[in-house]
Amino acid sequence: MSTGLLIGDLNQPGHYLQWGPVSISTANFIVILLMIAVFVLALVLPFPGGKDDR
Amino acid sequence: MTAIAPDPTVPAADPDSEQWTAKLRNRFFGTLPPEKLLPDRQPSYVTSWIYVFGVLTIAALVVIVASGIVLAFEGPQWYHVSGVGHFVNSLHLWSVELFFFFMVVHLWGKFWMAAWRGRRAMTWISGAIAFLASIGTAFTGYLVQTNFDSQWISAEARDGLNSVGIGAWFNVLNVGQMLLAHVAALPLIVGIIVVWHVLLVRHRGVVPPFGAEHLETADVEEARS
């Protein structure tokens, strides 16, 4: 699989997701999913050093 | 009878306190004493990943400004053609992407924490204004890429801005206006708002999670003792 296929060919029209009136580019949708994932991980992952390391 | 020497650690009464400089100084350092401005202790609840996204946003902003200064001095002929120019151009773009990524996670964290609690309404409001001003700065950045992409975006945005009645004085087809807005006016505005936001955070302290309000000062005082 070429790198172009892996990251998406930027010389083609973008891919869009459509749910009724809602339309969003796949790239923006992936970024939103990543932000949600990072937000959840920030809440659940322990911070190095814990609470005693002030 | 022995004279008592003045304590050098206690500031003397200010004889010029009627002067605006003295008033401003007293007000600033009264609101933000050095230990608040540059603290060395934080409450224990700050040891959480959700509290790092504010400073990550600022770190990304520093990279944005630094790479932007290089781009401004070298110019489009350099950043569209040379290898190093492409690199700095990409550095500018990706630091903006990370800036908004971190800022949105920071925003969500503070929203669900109701970070306006404890007389922090202005801290929340200044953050919201910084977010809006950043969107305008990023938008003008897309308009001054000096490529076909920027032409397309400005032509599309023109109709949107005209429809809300601000196209006459915010003309996205005027590249000179957009360039100056992007490299001078808007970064200055964003910078001032961010400094204001950070000073407010220092003044009011980092907001505690729900149920940890009692740790807000107790932890710091315990650490100092």
# chains A, B, ... in the order shown; residues from 1 in each chain; ligands from 1
call {"tool": "residues_around", "arguments": {"residues": "stretch 95-110 of chain B", "least_positions_apart": "2", "cutoff": "10 Å", "atoms": "only C-alpha atoms", "output": "ChimeraX atom specification"}}
result
/A:31-32,34-40,42-43 /B:50-65,67,90-93,112-116,124,127-128,130-131,134-135,138,141,207,209
call {"tool": "residues_around", "arguments": {"residues": "B:Gln145", "least_positions_apart": "4", "cutoff": "10 Å", "atoms": "only C-alpha atoms", "output": "list in words"}}
result
Pro76, Tyr79, His80, Asn89, Thr140, Gly141, Asp149, Ser150, Gln151, Val175 and Leu179 of chain B
call {"tool": "select_by_dssp", "arguments": {"residues": "chain B", "states": "helix (DSSP H, G or I)", "output": "count of residues only"}}
result
157
call {"tool": "residues_around", "arguments": {"residues": "B:Ala184", "least_positions_apart": "2", "cutoff": "12 Å", "atoms": "only C-alpha atoms", "output": "short mmCIF file (atom, residue, chain, number, x, y, z; two decimals) with C-alpha atoms, in the first residue's frame"}}
result
data_model
loop_
_atom_site.label_atom_id
_atom_site.label_comp_id
_atom_site.auth_asym_id
_atom_site.auth_seq_id
_atom_site.Cartn_x
_atom_site.Cartn_y
_atom_site.Cartn_z
CA VAL B 65 4.60 33.09 16.68
CA GLY B 68 5.35 33.13 11.80
CA ILE B 69 8.09 35.68 12.39
CA ALA B 72 7.12 37.11 7.60
CA THR B 137 -6.35 34.88 13.16
CA THR B 140 -6.80 35.26 7.88
CA GLY B 141 -3.80 32.89 7.83
CA GLY B 176 -3.07 43.61 1.93
CA GLN B 177 -5.73 44.07 4.58
CA MET B 178 -5.81 40.36 5.40
CA LEU B 179 -2.01 40.13 5.50
CA LEU B 180 -1.67 43.02 7.95
CA ALA B 181 -4.54 41.68 10.04
CA HIS B 182 -2.85 38.28 10.18
CA LEU B 186 -4.77 39.89 15.22
CA PRO B 187 -1.62 38.31 16.75
CA LEU B 188 -1.32 41.39 18.97
CA ILE B 189 -4.94 41.06 20.03
CA VAL B 190 -4.61 37.31 20.67
CA GLY B 191 -1.36 37.90 22.57
#
call {"tool": "closest_residue", "arguments": {"among": "B:Val46, B:Leu199, B:Leu215, B:Leu38", "to": "chain A", "atoms": "only C-alpha atoms"}}
result
B:Val46
call {"tool": "decode", "arguments": {"residues": "stretch 44-126 of chain B", "atoms": "C-alpha atoms", "output": "mmCIF file, in the first residue's frame"}}
result
data_model
loop_
_atom_site.group_PDB
_atom_site.id
_atom_site.type_symbol
_atom_site.label_atom_id
_atom_site.label_comp_id
_atom_site.auth_asym_id
_atom_site.auth_seq_id
_atom_site.Cartn_x
_atom_site.Cartn_y
_atom_site.Cartn_z
ATOM 1 C CA SER B 44 -2.644 18.424 44.566
ATOM 2 C CA TYR B 45 -5.576 18.183 42.146
ATOM 3 C CA VAL B 46 -3.434 19.871 39.471
ATOM 4 C CA THR B 47 -1.541 16.562 39.083
ATOM 5 C CA SER B 48 -3.877 15.408 36.340
ATOM 6 C CA TRP B 49 -3.426 15.282 32.582
ATOM 7 C CA ILE B 50 -6.527 17.418 32.077
ATOM 8 C CA TYR B 51 -4.638 20.349 33.644
ATOM 9 C CA VAL B 52 -1.795 20.320 31.097
ATOM 10 C CA PHE B 53 -3.769 21.421 28.045
ATOM 11 C CA GLY B 54 -3.724 25.120 28.864
ATOM 12 C CA VAL B 55 0.052 25.251 28.923
ATOM 13 C CA LEU B 56 0.236 22.970 25.865
ATOM 14 C CA THR B 57 -1.902 25.535 24.039
ATOM 15 C CA ILE B 58 0.489 28.302 25.043
ATOM 16 C CA ALA B 59 3.484 26.183 23.982
ATOM 17 C CA ALA B 60 1.900 25.715 20.552
ATOM 18 C CA LEU B 61 1.243 29.472 20.394
ATOM 19 C CA VAL B 62 4.939 30.174 21.027
ATOM 20 C CA VAL B 63 5.885 27.918 18.078
ATOM 21 C CA ILE B 64 3.228 29.630 15.931
ATOM 22 C CA VAL B 65 4.602 33.095 16.683
ATOM 23 C CA ALA B 66 8.243 32.060 16.239
ATOM 24 C CA SER B 67 7.647 30.282 12.905
ATOM 25 C CA GLY B 68 5.351 33.134 11.797
ATOM 26 C CA ILE B 69 8.086 35.685 12.388
ATOM 27 C CA VAL B 70 10.467 33.646 10.216
ATOM 28 C CA LEU B 71 7.817 33.364 7.462
ATOM 29 C CA ALA B 72 7.123 37.107 7.598
ATOM 30 C CA PHE B 73 10.787 38.008 7.205
ATOM 31 C CA GLU B 74 11.618 35.473 4.490
ATOM 32 C CA GLY B 75 8.467 35.890 2.396
ATOM 33 C CA PRO B 76 6.383 33.720 0.048
ATOM 34 C CA GLN B 77 9.116 33.242 -2.578
ATOM 35 C CA TRP B 78 11.118 31.489 0.133
ATOM 36 C CA TYR B 79 8.445 29.415 1.848
ATOM 37 C CA HIS B 80 6.826 28.260 -1.390
ATOM 38 C CA VAL B 81 10.067 27.206 -3.068
ATOM 39 C CA SER B 82 12.903 26.255 -0.736
ATOM 40 C CA GLY B 83 13.051 23.083 1.341
ATOM 41 C CA VAL B 84 13.638 24.948 4.593
ATOM 42 C CA GLY B 85 10.834 27.331 3.638
ATOM 43 C CA HIS B 86 8.452 24.412 3.168
ATOM 44 C CA PHE B 87 9.506 23.059 6.540
ATOM 45 C CA VAL B 88 8.899 26.338 8.402
ATOM 46 C CA ASN B 89 5.624 26.821 6.527
ATOM 47 C CA SER B 90 4.522 23.332 7.619
ATOM 48 C CA LEU B 91 5.739 23.994 11.152
ATOM 49 C CA HIS B 92 3.516 27.090 11.221
ATOM 50 C CA LEU B 93 0.493 25.144 9.933
ATOM 51 C CA TRP B 94 0.885 22.126 12.225
ATOM 52 C CA SER B 95 1.525 24.218 15.314
ATOM 53 C CA VAL B 96 -1.788 25.948 14.536
ATOM 54 C CA GLU B 97 -3.477 22.539 14.227
ATOM 55 C CA LEU B 98 -2.052 21.498 17.600
ATOM 56 C CA PHE B 99 -2.922 24.904 19.105
ATOM 57 C CA PHE B 100 -6.612 24.418 18.288
ATOM 58 C CA PHE B 101 -6.507 20.722 19.234
ATOM 59 C CA PHE B 102 -5.102 21.502 22.686
ATOM 60 C CA MET B 103 -7.343 24.552 23.125
ATOM 61 C CA VAL B 104 -10.495 22.531 22.405
ATOM 62 C CA VAL B 105 -9.511 19.812 24.916
ATOM 63 C CA HIS B 106 -8.680 22.606 27.410
ATOM 64 C CA LEU B 107 -12.087 24.183 26.703
ATOM 65 C CA TRP B 108 -13.932 20.887 27.237
ATOM 66 C CA GLY B 109 -12.035 20.228 30.463
ATOM 67 C CA LYS B 110 -12.873 23.661 31.832
ATOM 68 C CA PHE B 111 -16.481 23.546 30.621
ATOM 69 C CA TRP B 112 -17.271 20.238 32.346
ATOM 70 C CA MET B 113 -15.427 21.484 35.428
ATOM 71 C CA ALA B 114 -17.549 24.671 35.409
ATOM 72 C CA ALA B 115 -14.312 26.630 35.584
ATOM 73 C CA TRP B 116 -16.154 29.913 36.107
ATOM 74 C CA ARG B 117 -16.765 28.895 39.752
ATOM 75 C CA GLY B 118 -14.991 30.773 42.550
ATOM 76 C CA ARG B 119 -15.155 34.263 40.993
ATOM 77 C CA ARG B 120 -13.486 33.013 37.829
ATOM 78 C CA ALA B 121 -16.120 34.296 35.397
ATOM 79 C CA MET B 122 -13.699 36.725 33.755
ATOM 80 C CA THR B 123 -11.097 33.968 33.370
ATOM 81 C CA TRP B 124 -13.666 31.898 31.491
ATOM 82 C CA ILE B 125 -14.812 34.874 29.399
ATOM 83 C CA SER B 126 -11.257 35.895 28.477
#
